[in-house]
Amino acid sequence: MHNGTPSGTESIRAQNLSRVLTLLHRRGPLSRADLTRLCGFNRSTVGALVAELSELGLAYETEPPALKRVGRPSPLVHANDRIAAISVHPDVDAVTVGVVGLGGKVHRRVRYDAGSLPSVTETVNISKAVVEGMQTELAGMTRVIGVGAAVPGLVNSTDGSVLLAPHLQWSNEPLAAALSTGLGLPARAANDANLGSLAESLFGAAVGASDVVYLNGSASGIGGGAMVGGVPLRGAAGFAGELGHTVVTPGGTPCHCGRRGCLETEVSLGRLLALLGLNHADQDQLEDAMTQNSSPALIAEANRQLDLLAEALTNFVNIFNPGTIVLGGFLGVLHSFVPGRLESGVSAGAIGGLGSKVSIRRAALGTDLLLVGAAELVFSGLLADPASVGSL
């Protein structure tokens with residue numbers, strides 16, 4: 001661009017680049033004809049934008065599959081999935097690190113089992129060691145532009161500091177700053193459930209849904225989030241969505257929050273692992289173990305947990321009236337273990353027949369869920385201003 005280009009024109013160009021790259025990132029490969037239709041731009045404008053994204057290394061074109069119709073088919077435009085982020089997910093039993101490319105492509109995921117609660121320093125050191133072991137994958141990337149962290153706790157999204165992660169015993173920890181220093185890249189952090197909800201809305205079971213309740217179950221408990229009218233529910237201080245602290249058993253098991261019978265104390269991964277004789281497991285390992293060891297005691301515990309989860313979900317249906325409920329982590333495994341039990345419970349309990357109208361789905365992204373969500377923290381700035389890749 002010439003130096004004399006009006007700032008208004010520059011701003012429109014940046015917005016147009018953002019529109020095209022965001023579509024490619026979220027929808028996958030699209031033809032120029034698709035982009036013309038979706039963006040409302042003319043063909044020459046789309047051509048120029050695709051050419052600029054290609055020059056920036058953010059997109060590339062391939063020949064389309066052969067179609068039996070007259071006329072020259074439009075080339076397919078792809079987001080460059082080798083523009084990548086490092087994703088980090090610390091939990092009470094492990095630190096998981098991944099390399100995620102544009103389009104939500106997970107190139108590599110490594111789960112490092114922790115013998116004890118990982119501190120922030122240990123989380124950074126584990127992340128560094130895992131990244132060093134990923135040099136083959138990283139050498140194949142066009143660019144690694146930052147680090148995103150998904151944390152089971154309250155996170156200040158402005159500076160990536162963790163105000164409180166009770167299960168990890170973290171309080172006022174500058175996680176993003178520590179990861180940035182340790183890995184030599186810009187870093188951001190946010191609550192894991194909010195990031196899981198975002199990932200499922202962009203790439204998974206909640207694509208196109210505007211009213212969604214999302215719950216994720218992990219070793220550190222149950223986190224949640226709600227999308228209302230297409231907007232994530234944030235709350236006055238940004239910490240809305242602590243759905244794991246809905247009481248489902250009054251006077252039940254003590255919870256670290258000070259109350260008794262919270263959803264995350266009664267519906268827990270630890271209770272399932274104890275019956276399976278396991279110390280820890282990711283959701284794939286849990287599912288395999290539950291399928292192979294479906295003892296009467298395990299079935300009874302799964303039914304108990306599903307019935308209590310149905311109580312909580314009924315409350316959420318009555319409060320938020322979602323069209324879709326998405327269950328991630330071990331909650332998705334539970335849902336699949338006894339098909340239909342949750343639906344029956346929610347259908348019977350919700351007012352006005354709302355429970356029979358809600359779709360209860362397992363998170364589609366599986367063990368990649370939180371890594372994909374954490375990468376969105378990194379990609380958001382690039383998607384907003386693709387030309388900034390040159391200055392990253």
# chains A, B, ... in the order shown; residues from 1 in each chain; ligands from 1
call {"tool": "residues_around", "arguments": {"residues": "region 169-177 of chain A", "least_positions_apart": "2", "cutoff": "7 Å", "atoms": "only C-alpha atoms", "output": "JSON list (two decimals) with N, CA, C and O atoms, in the first residue's frame"}}
result
[["chain", "number", "residue", "atom", "x", "y", "z"],
["A", 120, "VAL", "N", 2.97, -23.34, 39.22],
["A", 120, "VAL", "CA", 3.15, -22.56, 38.00],
["A", 120, "VAL", "C", 4.54, -22.78, 37.43],
["A", 120, "VAL", "O", 4.71, -22.98, 36.22],
["A", 160, "GLY", "N", -3.78, -12.43, 31.90],
["A", 160, "GLY", "CA", -3.51, -13.86, 31.98],
["A", 160, "GLY", "C", -3.05, -14.33, 33.34],
["A", 160, "GLY", "O", -2.45, -15.40, 33.46],
["A", 161, "SER", "N", -3.33, -13.55, 34.38],
["A", 161, "SER", "CA", -2.98, -13.99, 35.73],
["A", 161, "SER", "C", -4.12, -14.82, 36.30],
["A", 161, "SER", "O", -5.29, -14.59, 35.99],
["A", 162, "VAL", "N", -3.77, -15.80, 37.12],
["A", 162, "VAL", "CA", -4.76, -16.69, 37.72],
["A", 162, "VAL", "C", -5.10, -16.15, 39.11],
["A", 162, "VAL", "O", -4.26, -16.15, 40.01],
["A", 163, "LEU", "N", -6.33, -15.68, 39.27],
["A", 163, "LEU", "CA", -6.74, -15.15, 40.56],
["A", 163, "LEU", "C", -6.89, -16.27, 41.57],
["A", 163, "LEU", "O", -6.45, -16.16, 42.71],
["A", 164, "LEU", "N", -7.53, -17.37, 41.13],
["A", 164, "LEU", "CA", -7.72, -18.51, 42.02],
["A", 164, "LEU", "C", -7.98, -19.76, 41.20],
["A", 164, "LEU", "O", -8.90, -19.79, 40.37],
["A", 165, "ALA", "N", -7.15, -20.77, 41.41],
["A", 165, "ALA", "CA", -7.39, -22.11, 40.85],
["A", 165, "ALA", "C", -7.33, -23.06, 42.03],
["A", 165, "ALA", "O", -6.27, -23.61, 42.36],
["A", 166, "PRO", "N", -8.46, -23.25, 42.74],
["A", 166, "PRO", "CA", -8.43, -23.91, 44.04],
["A", 166, "PRO", "C", -7.90, -25.35, 43.98],
["A", 166, "PRO", "O", -7.18, -25.77, 44.89],
["A", 167, "HIS", "N", -8.24, -26.09, 42.95],
["A", 167, "HIS", "CA", -7.79, -27.48, 42.89],
["A", 167, "HIS", "C", -6.27, -27.58, 42.68],
["A", 167, "HIS", "O", -5.63, -28.53, 43.11],
["A", 179, "LEU", "N", 4.73, -18.15, 31.41],
["A", 179, "LEU", "CA", 4.82, -18.94, 30.18],
["A", 179, "LEU", "C", 5.52, -18.17, 29.07],
["A", 179, "LEU", "O", 6.31, -18.73, 28.31],
["A", 180, "SER", "N", 5.23, -16.88, 28.98],
["A", 180, "SER", "CA", 5.86, -16.04, 27.96],
["A", 180, "SER", "C", 7.37, -16.00, 28.14],
["A", 180, "SER", "O", 8.14, -16.15, 27.19],
["A", 181, "THR", "N", 7.80, -15.80, 29.38],
["A", 181, "THR", "CA", 9.23, -15.77, 29.68],
["A", 181, "THR", "C", 9.87, -17.13, 29.41],
["A", 181, "THR", "O", 10.95, -17.23, 28.80],
["A", 187, "ALA", "N", 2.04, -14.80, 25.48],
["A", 187, "ALA", "CA", 1.17, -15.81, 26.08],
["A", 187, "ALA", "C", -0.09, -15.18, 26.65],
["A", 187, "ALA", "O", -0.07, -14.05, 27.14],
["A", 188, "ARG", "N", -1.19, -15.93, 26.57],
["A", 188, "ARG", "CA", -2.46, -15.51, 27.16],
["A", 188, "ARG", "C", -3.05, -16.70, 27.90],
["A", 188, "ARG", "O", -2.71, -17.85, 27.63],
["A", 189, "ALA", "N", -3.96, -16.43, 28.83],
["A", 189, "ALA", "CA", -4.60, -17.50, 29.59],
["A", 189, "ALA", "C", -6.06, -17.14, 29.85],
["A", 189, "ALA", "O", -6.42, -15.96, 29.89]]
call {"tool": "residues_around", "arguments": {"residues": "region 78-82 of chain A", "least_positions_apart": "5", "cutoff": "7 Å", "atoms": "only C-alpha atoms", "output": "ChimeraX atom specification"}}
result
/A:21,24-25,28-30,58-61,101-103,105,141-143
call {"tool": "atom_distance", "arguments": {"atom1": "CA of Gly352 (chain A)", "atom2": "CA of Leu313 (chain A)"}}
result
14.9 Å
call {"tool": "closest_atom_pairs", "arguments": {"of": "region 171-268 of chain A", "to": "region 283-291 of chain A", "cutoff": "12 Å", "atoms": "only C-alpha atoms", "output": "Markdown table"}}
result
| residue | atom | partner | partner_atom | distance |
| --- | --- | --- | --- | --- |
| A:Asn216 | CA | A:Gln283 | CA | 11.2 |
| A:Gly217 | CA | A:Gln283 | CA | 9.5 |
| A:Ser218 | CA | A:Gln283 | CA | 8.5 |
| A:Ala219 | CA | A:Gln283 | CA | 10.1 |
call {"tool": "residues_around", "arguments": {"residues": "region 222-238 of chain A", "least_positions_apart": "6", "cutoff": "8 Å", "atoms": "only C-alpha atoms", "output": "list in words"}}
result
Pro152, Asp192, Ala193, Asn194, Ser197, Ala209, Ser210, Asp211, Val212, Val213, Tyr214, Leu215, Asn216, Gly244, Leu263, Glu264, Ser268, Phe320 and Pro322 of chain A
call {"tool": "write_last_selection", "arguments": {"atoms": "N, CA and C atoms", "output": "CSV table (one decimal), in the first residue's frame"}}
result
chain,number,residue,atom,x,y,z
A,152,PRO,N,-8.1,-24.4,35.0
A,152,PRO,CA,-9.3,-24.7,35.8
A,152,PRO,C,-9.4,-23.7,37.0
A,192,ASP,N,-10.7,-22.6,31.6
A,192,ASP,CA,-10.7,-23.8,30.7
A,192,ASP,C,-12.1,-24.1,30.1
A,193,ALA,N,-13.1,-24.0,31.0
A,193,ALA,CA,-14.5,-24.2,30.6
A,193,ALA,C,-15.0,-23.2,29.5
A,194,ASN,N,-14.6,-22.0,29.7
A,194,ASN,CA,-15.0,-20.9,28.7
A,194,ASN,C,-14.3,-21.2,27.4
A,197,SER,N,-16.0,-24.2,25.8
A,197,SER,CA,-17.3,-23.8,25.2
A,197,SER,C,-17.1,-23.0,23.9
A,209,ALA,N,-25.3,-22.9,17.0
A,209,ALA,CA,-26.3,-22.8,18.1
A,209,ALA,C,-26.0,-21.4,18.8
A,210,SER,N,-27.1,-20.8,19.2
A,210,SER,CA,-27.0,-19.4,19.8
A,210,SER,C,-27.3,-19.5,21.3
A,211,ASP,N,-28.0,-20.5,21.8
A,211,ASP,CA,-28.2,-20.6,23.2
A,211,ASP,C,-27.8,-22.0,23.7
A,212,VAL,N,-26.6,-22.0,24.4
A,212,VAL,CA,-25.9,-23.2,24.7
A,212,VAL,C,-25.5,-23.2,26.2
A,213,VAL,N,-25.6,-24.4,26.9
A,213,VAL,CA,-25.0,-24.6,28.2
A,213,VAL,C,-23.9,-25.6,27.9
A,214,TYR,N,-22.7,-25.3,28.4
A,214,TYR,CA,-21.5,-26.2,28.2
A,214,TYR,C,-21.0,-26.6,29.6
A,215,LEU,N,-20.7,-27.9,29.8
A,215,LEU,CA,-20.1,-28.4,31.0
A,215,LEU,C,-19.0,-29.3,30.7
A,216,ASN,N,-17.8,-29.1,31.4
A,216,ASN,CA,-16.7,-29.9,31.2
A,216,ASN,C,-16.3,-30.5,32.5
A,244,GLY,N,-20.5,-25.8,38.2
A,244,GLY,CA,-20.1,-27.0,39.0
A,244,GLY,C,-20.4,-26.8,40.5
A,263,LEU,N,-22.3,-30.0,42.6
A,263,LEU,CA,-22.3,-30.9,41.5
A,263,LEU,C,-20.9,-31.6,41.3
A,264,GLU,N,-19.9,-30.8,41.5
A,264,GLU,CA,-18.5,-31.3,41.2
A,264,GLU,C,-18.0,-32.2,42.3
A,268,SER,N,-18.0,-37.0,40.0
A,268,SER,CA,-16.6,-36.7,39.9
A,268,SER,C,-15.9,-37.8,39.2
A,320,PHE,N,-31.7,-21.1,31.8
A,320,PHE,CA,-31.2,-20.5,30.5
A,320,PHE,C,-32.0,-20.9,29.3
A,322,PRO,N,-31.7,-23.4,27.1
A,322,PRO,CA,-30.8,-23.6,26.0
A,322,PRO,C,-31.4,-24.5,24.9
call {"tool": "select_by_dssp", "arguments": {"residues": "region 284-367 of chain A", "states": "alpha helix (DSSP H)", "output": "MDAnalysis selection string"}}
result
chainID A and resid 284:292 296:320 330:337 341:349
call {"tool": "write_last_selection", "arguments": {"atoms": "C-alpha atoms", "output": "mmCIF file, in the first residue's frame"}}
result
data_model
loop_
_atom_site.group_PDB
_atom_site.id
_atom_site.type_symbol
_atom_site.label_atom_id
_atom_site.label_comp_id
_atom_site.auth_asym_id
_atom_site.auth_seq_id
_atom_site.Cartn_x
_atom_site.Cartn_y
_atom_site.Cartn_z
ATOM 1 C CA ASP A 284 -10.077 -41.821 26.030
ATOM 2 C CA GLN A 285 -8.425 -44.034 28.657
ATOM 3 C CA LEU A 286 -11.458 -43.662 30.933
ATOM 4 C CA GLU A 287 -13.850 -44.683 28.187
ATOM 5 C CA ASP A 288 -11.790 -47.761 27.329
ATOM 6 C CA ALA A 289 -11.601 -48.777 30.990
ATOM 7 C CA MET A 290 -15.340 -48.287 31.609
ATOM 8 C CA THR A 291 -16.231 -50.270 28.497
ATOM 9 C CA GLN A 292 -13.961 -53.160 29.463
ATOM 10 C CA PRO A 296 -22.336 -53.758 38.734
ATOM 11 C CA ALA A 297 -20.674 -51.299 41.130
ATOM 12 C CA LEU A 298 -19.449 -49.117 38.236
ATOM 13 C CA ILE A 299 -22.867 -49.181 36.547
ATOM 14 C CA ALA A 300 -24.570 -48.203 39.816
ATOM 15 C CA GLU A 301 -22.138 -45.303 40.353
ATOM 16 C CA ALA A 302 -22.527 -44.126 36.742
ATOM 17 C CA ASN A 303 -26.317 -44.154 37.114
ATOM 18 C CA ARG A 304 -26.072 -42.243 40.411
ATOM 19 C CA GLN A 305 -23.843 -39.604 38.832
ATOM 20 C CA LEU A 306 -26.030 -39.318 35.723
ATOM 21 C CA ASP A 307 -29.167 -38.817 37.840
ATOM 22 C CA LEU A 308 -27.483 -36.030 39.820
ATOM 23 C CA LEU A 309 -26.153 -34.491 36.610
ATOM 24 C CA ALA A 310 -29.733 -34.595 35.258
ATOM 25 C CA GLU A 311 -30.841 -32.611 38.339
ATOM 26 C CA ALA A 312 -28.282 -29.909 37.577
ATOM 27 C CA LEU A 313 -29.052 -29.870 33.851
ATOM 28 C CA THR A 314 -32.770 -29.516 34.623
ATOM 29 C CA ASN A 315 -31.946 -26.402 36.645
ATOM 30 C CA PHE A 316 -29.888 -25.025 33.774
ATOM 31 C CA VAL A 317 -32.692 -25.725 31.276
ATOM 32 C CA ASN A 318 -35.153 -23.891 33.525
ATOM 33 C CA ILE A 319 -32.786 -20.930 33.957
ATOM 34 C CA PHE A 320 -31.176 -20.549 30.518
ATOM 35 C CA PHE A 330 -15.577 -37.366 31.619
ATOM 36 C CA LEU A 331 -19.169 -36.040 31.524
ATOM 37 C CA GLY A 332 -19.290 -36.931 27.836
ATOM 38 C CA VAL A 333 -18.020 -40.431 28.659
ATOM 39 C CA LEU A 334 -20.752 -40.830 31.306
ATOM 40 C CA HIS A 335 -23.403 -39.670 28.846
ATOM 41 C CA SER A 336 -22.313 -42.295 26.314
ATOM 42 C CA PHE A 337 -21.982 -45.051 28.944
ATOM 43 C CA ARG A 341 -30.603 -41.697 30.893
ATOM 44 C CA LEU A 342 -29.752 -37.978 31.003
ATOM 45 C CA GLU A 343 -32.356 -37.136 28.362
ATOM 46 C CA SER A 344 -35.048 -38.975 30.317
ATOM 47 C CA GLY A 345 -34.172 -37.216 33.556
ATOM 48 C CA VAL A 346 -34.064 -33.738 32.045
ATOM 49 C CA SER A 347 -37.203 -34.301 29.989
ATOM 50 C CA ALA A 348 -39.129 -35.370 33.090
ATOM 51 C CA GLY A 349 -37.866 -32.547 35.292
#
call {"tool": "closest_atom_pairs", "arguments": {"of": "region 149-168 of chain A", "to": "region 360-375 of chain A", "cutoff": "10 Å", "atoms": "only C-alpha atoms", "output": "JSON lines"}}
result
{"residue": "A:Ala149", "atom": "CA", "partner": "A:Ala374", "partner_atom": "CA", "distance": 5.3}
{"residue": "A:Ala150", "atom": "CA", "partner": "A:Ala374", "partner_atom": "CA", "distance": 5.4}
{"residue": "A:Val151", "atom": "CA", "partner": "A:Ala374", "partner_atom": "CA", "distance": 9.2}
call {"tool": "write_last_selection", "arguments": {"atoms": "N, CA, C and O atoms", "output": "CSV table (one decimal), in the first residue's frame"}}
result
chain,number,residue,atom,x,y,z
A,149,ALA,N,-3.2,-20.7,27.3
A,149,ALA,CA,-3.3,-21.6,28.4
A,149,ALA,C,-4.8,-21.7,28.9
A,149,ALA,O,-5.4,-20.7,29.0
A,150,ALA,N,-5.3,-22.9,29.1
A,150,ALA,CA,-6.6,-23.2,29.6
A,150,ALA,C,-6.5,-23.6,31.0
A,150,ALA,O,-5.9,-24.7,31.3
A,151,VAL,N,-7.0,-22.9,32.0
A,151,VAL,CA,-6.8,-23.1,33.4
A,151,VAL,C,-8.1,-23.4,34.1
A,151,VAL,O,-9.1,-22.7,33.9
call {"tool": "select_by_dssp", "arguments": {"residues": "region 54-300 of chain A", "states": "strand (DSSP E or B)", "output": "ChimeraX atom specification"}}
result
/A:59-62,76-79,83-90,94-101,105-113,143-151,154-156,161-165,170-173,187-191,212-218,221-228,231-232,247,254,260,262
call {"tool": "residues_around", "arguments": {"residues": "Met134 (chain A)", "least_positions_apart": "6", "cutoff": "10 Å", "atoms": "only C-alpha atoms", "output": "ChimeraX atom specification"}}
result
/A:97-99,108-110,128
call {"tool": "closest_residue", "arguments": {"among": "A:Thr96, A:Ser380, A:Ser116, A:Gln15", "to": "Val131 (chain A)", "atoms": "only C-alpha atoms"}}
result
A:Thr96
call {"tool": "closest_residue", "arguments": {"among": "A:Val144, A:Leu195, A:Ala94, A:Val389", "to": "Ala114 (chain A)", "atoms": "only C-alpha atoms"}}
result
A:Ala94
call {"tool": "residues_around", "arguments": {"residues": "Gly261 (chain A)", "least_positions_apart": "5", "cutoff": "7 Å", "atoms": "only C-alpha atoms", "output": "short mmCIF file (atom, residue, chain, number, x, y, z; two decimals) with all heavy atoms, in the first residue's frame"}}
result
data_model
loop_
_atom_site.label_atom_id
_atom_site.label_comp_id
_atom_site.auth_asym_id
_atom_site.auth_seq_id
_atom_site.Cartn_x
_atom_site.Cartn_y
_atom_site.Cartn_z
N VAL A 247 -25.76 -26.88 43.86
CA VAL A 247 -25.96 -27.95 44.85
C VAL A 247 -26.96 -28.97 44.32
O VAL A 247 -28.08 -28.62 43.95
CB VAL A 247 -26.44 -27.37 46.20
CG1 VAL A 247 -26.82 -28.49 47.17
CG2 VAL A 247 -25.36 -26.50 46.82
N VAL A 248 -26.55 -30.23 44.29
CA VAL A 248 -27.44 -31.30 43.82
C VAL A 248 -27.77 -32.29 44.94
O VAL A 248 -28.70 -33.07 44.81
CB VAL A 248 -26.83 -32.06 42.62
CG1 VAL A 248 -26.79 -31.16 41.39
CG2 VAL A 248 -25.45 -32.62 42.94
N THR A 249 -27.00 -32.26 46.03
CA THR A 249 -27.26 -33.13 47.19
C THR A 249 -27.14 -32.29 48.46
O THR A 249 -26.05 -32.18 49.03
CB THR A 249 -26.26 -34.31 47.25
OG1 THR A 249 -26.26 -35.00 46.01
CG2 THR A 249 -26.65 -35.29 48.36
N PRO A 250 -28.23 -31.65 48.90
CA PRO A 250 -28.15 -30.83 50.12
C PRO A 250 -27.58 -31.64 51.28
O PRO A 250 -28.00 -32.78 51.53
CB PRO A 250 -29.61 -30.43 50.36
CG PRO A 250 -30.24 -30.47 49.00
CD PRO A 250 -29.57 -31.61 48.28
N GLY A 251 -26.58 -31.08 51.97
CA GLY A 251 -25.95 -31.77 53.08
C GLY A 251 -25.01 -32.88 52.66
O GLY A 251 -24.58 -33.68 53.48
N GLY A 252 -24.65 -32.93 51.37
CA GLY A 252 -23.81 -33.98 50.84
C GLY A 252 -22.33 -33.77 51.12
O GLY A 252 -21.95 -33.13 52.12
N THR A 253 -21.50 -34.27 50.24
CA THR A 253 -20.06 -34.23 50.41
C THR A 253 -19.55 -32.79 50.51
O THR A 253 -19.95 -31.94 49.70
CB THR A 253 -19.37 -34.93 49.22
OG1 THR A 253 -19.93 -36.23 49.07
CG2 THR A 253 -17.87 -35.02 49.42
N PRO A 254 -18.66 -32.48 51.49
CA PRO A 254 -18.12 -31.11 51.59
C PRO A 254 -17.36 -30.73 50.31
O PRO A 254 -16.62 -31.54 49.75
CB PRO A 254 -17.17 -31.18 52.78
CG PRO A 254 -17.64 -32.35 53.57
CD PRO A 254 -18.16 -33.34 52.58
N CYS A 255 -17.54 -29.49 49.89
CA CYS A 255 -16.85 -28.97 48.71
C CYS A 255 -15.82 -27.93 49.14
O CYS A 255 -15.99 -27.27 50.17
CB CYS A 255 -17.87 -28.34 47.76
SG CYS A 255 -17.17 -27.66 46.22
N GLU A 266 -20.17 -34.39 43.88
CA GLU A 266 -21.01 -35.58 43.78
C GLU A 266 -20.84 -36.31 42.45
O GLU A 266 -20.97 -37.53 42.37
CB GLU A 266 -22.49 -35.20 43.98
CG GLU A 266 -22.80 -34.54 45.31
CD GLU A 266 -22.63 -35.48 46.50
OE1 GLU A 266 -22.59 -36.71 46.29
OE2 GLU A 266 -22.51 -34.98 47.64
#
call {"tool": "closest_residue", "arguments": {"among": "A:Leu377, A:Ile86, A:Val124, A:Leu383", "to": "Leu185 (chain A)", "atoms": "only C-alpha atoms"}}
result
A:Ile86
call {"tool": "closest_residue", "arguments": {"among": "A:Val92, A:Leu154, A:Leu183, A:Ala274", "to": "Glu132 (chain A)", "atoms": "only C-alpha atoms"}}
result
A:Leu183
call {"tool": "closest_residue", "arguments": {"among": "A:Phe379, A:Ser31, A:Ser294, A:Ser201", "to": "Ala85 (chain A)", "atoms": "only C-alpha atoms"}}
result
A:Phe379
call {"tool": "residues_around", "arguments": {"residues": "Ala48 (chain A)", "least_positions_apart": "4", "cutoff": "12 Å", "atoms": "only C-alpha atoms", "output": "list in words"}}
result
Arg13, Asn16, Leu17, Val20, Arg32, Thr36, Phe41, Asn42, Arg43, Ser44, Glu52, Leu53, Ser54 and Glu55 of chain A
call {"tool": "write_last_selection", "arguments": {"atoms": "N, CA and C atoms", "output": "mmCIF file, in the first residue's frame"}}
result
data_model
loop_
_atom_site.group_PDB
_atom_site.id
_atom_site.type_symbol
_atom_site.label_atom_id
_atom_site.label_comp_id
_atom_site.auth_asym_id
_atom_site.auth_seq_id
_atom_site.Cartn_x
_atom_site.Cartn_y
_atom_site.Cartn_z
ATOM 1 N N ARG A 13 -9.830 -2.480 4.329
ATOM 2 C CA ARG A 13 -9.030 -3.597 3.829
ATOM 3 C C ARG A 13 -8.727 -4.577 4.953
ATOM 4 N N ASN A 16 -11.774 -6.567 5.747
ATOM 5 C CA ASN A 16 -12.070 -7.543 4.700
ATOM 6 C C ASN A 16 -11.132 -8.754 4.787
ATOM 7 N N LEU A 17 -9.848 -8.495 5.046
ATOM 8 C CA LEU A 17 -8.906 -9.595 5.242
ATOM 9 C C LEU A 17 -9.326 -10.458 6.432
ATOM 10 N N VAL A 20 -12.322 -12.758 5.568
ATOM 11 C CA VAL A 20 -11.977 -13.925 4.746
ATOM 12 C C VAL A 20 -11.204 -14.953 5.567
ATOM 13 N N ARG A 32 -13.263 -19.791 -4.000
ATOM 14 C CA ARG A 32 -13.422 -18.337 -4.159
ATOM 15 C C ARG A 32 -14.889 -17.984 -4.362
ATOM 16 N N THR A 36 -17.021 -15.413 -2.144
ATOM 17 C CA THR A 36 -17.765 -14.309 -2.767
ATOM 18 C C THR A 36 -19.200 -14.282 -2.242
ATOM 19 N N PHE A 41 -18.659 -9.795 -1.193
ATOM 20 C CA PHE A 41 -17.708 -9.017 -1.986
ATOM 21 C C PHE A 41 -17.822 -9.453 -3.446
ATOM 22 N N ASN A 42 -17.287 -8.621 -4.346
ATOM 23 C CA ASN A 42 -17.256 -9.066 -5.738
ATOM 24 C C ASN A 42 -16.051 -9.974 -5.964
ATOM 25 N N ARG A 43 -16.028 -10.633 -7.127
ATOM 26 C CA ARG A 43 -15.007 -11.651 -7.395
ATOM 27 C C ARG A 43 -13.601 -11.081 -7.382
ATOM 28 N N SER A 44 -13.445 -9.886 -7.939
ATOM 29 C CA SER A 44 -12.097 -9.315 -7.997
ATOM 30 C C SER A 44 -11.586 -8.951 -6.601
ATOM 31 N N GLU A 52 -3.500 -11.562 -1.138
ATOM 32 C CA GLU A 52 -2.768 -10.921 -0.042
ATOM 33 C C GLU A 52 -2.558 -11.882 1.124
ATOM 34 N N LEU A 53 -3.596 -12.661 1.460
ATOM 35 C CA LEU A 53 -3.439 -13.648 2.528
ATOM 36 C C LEU A 53 -2.383 -14.690 2.158
ATOM 37 N N SER A 54 -2.328 -15.046 0.879
ATOM 38 C CA SER A 54 -1.305 -16.003 0.422
ATOM 39 C C SER A 54 0.088 -15.413 0.562
ATOM 40 N N GLU A 55 0.240 -14.131 0.194
ATOM 41 C CA GLU A 55 1.535 -13.453 0.324
ATOM 42 C C GLU A 55 1.978 -13.377 1.782
#
call {"tool": "atom_distance", "arguments": {"atom1": "CA of Gly133 (chain A)", "atom2": "CA of His107 (chain A)"}}
result
13.6 Å
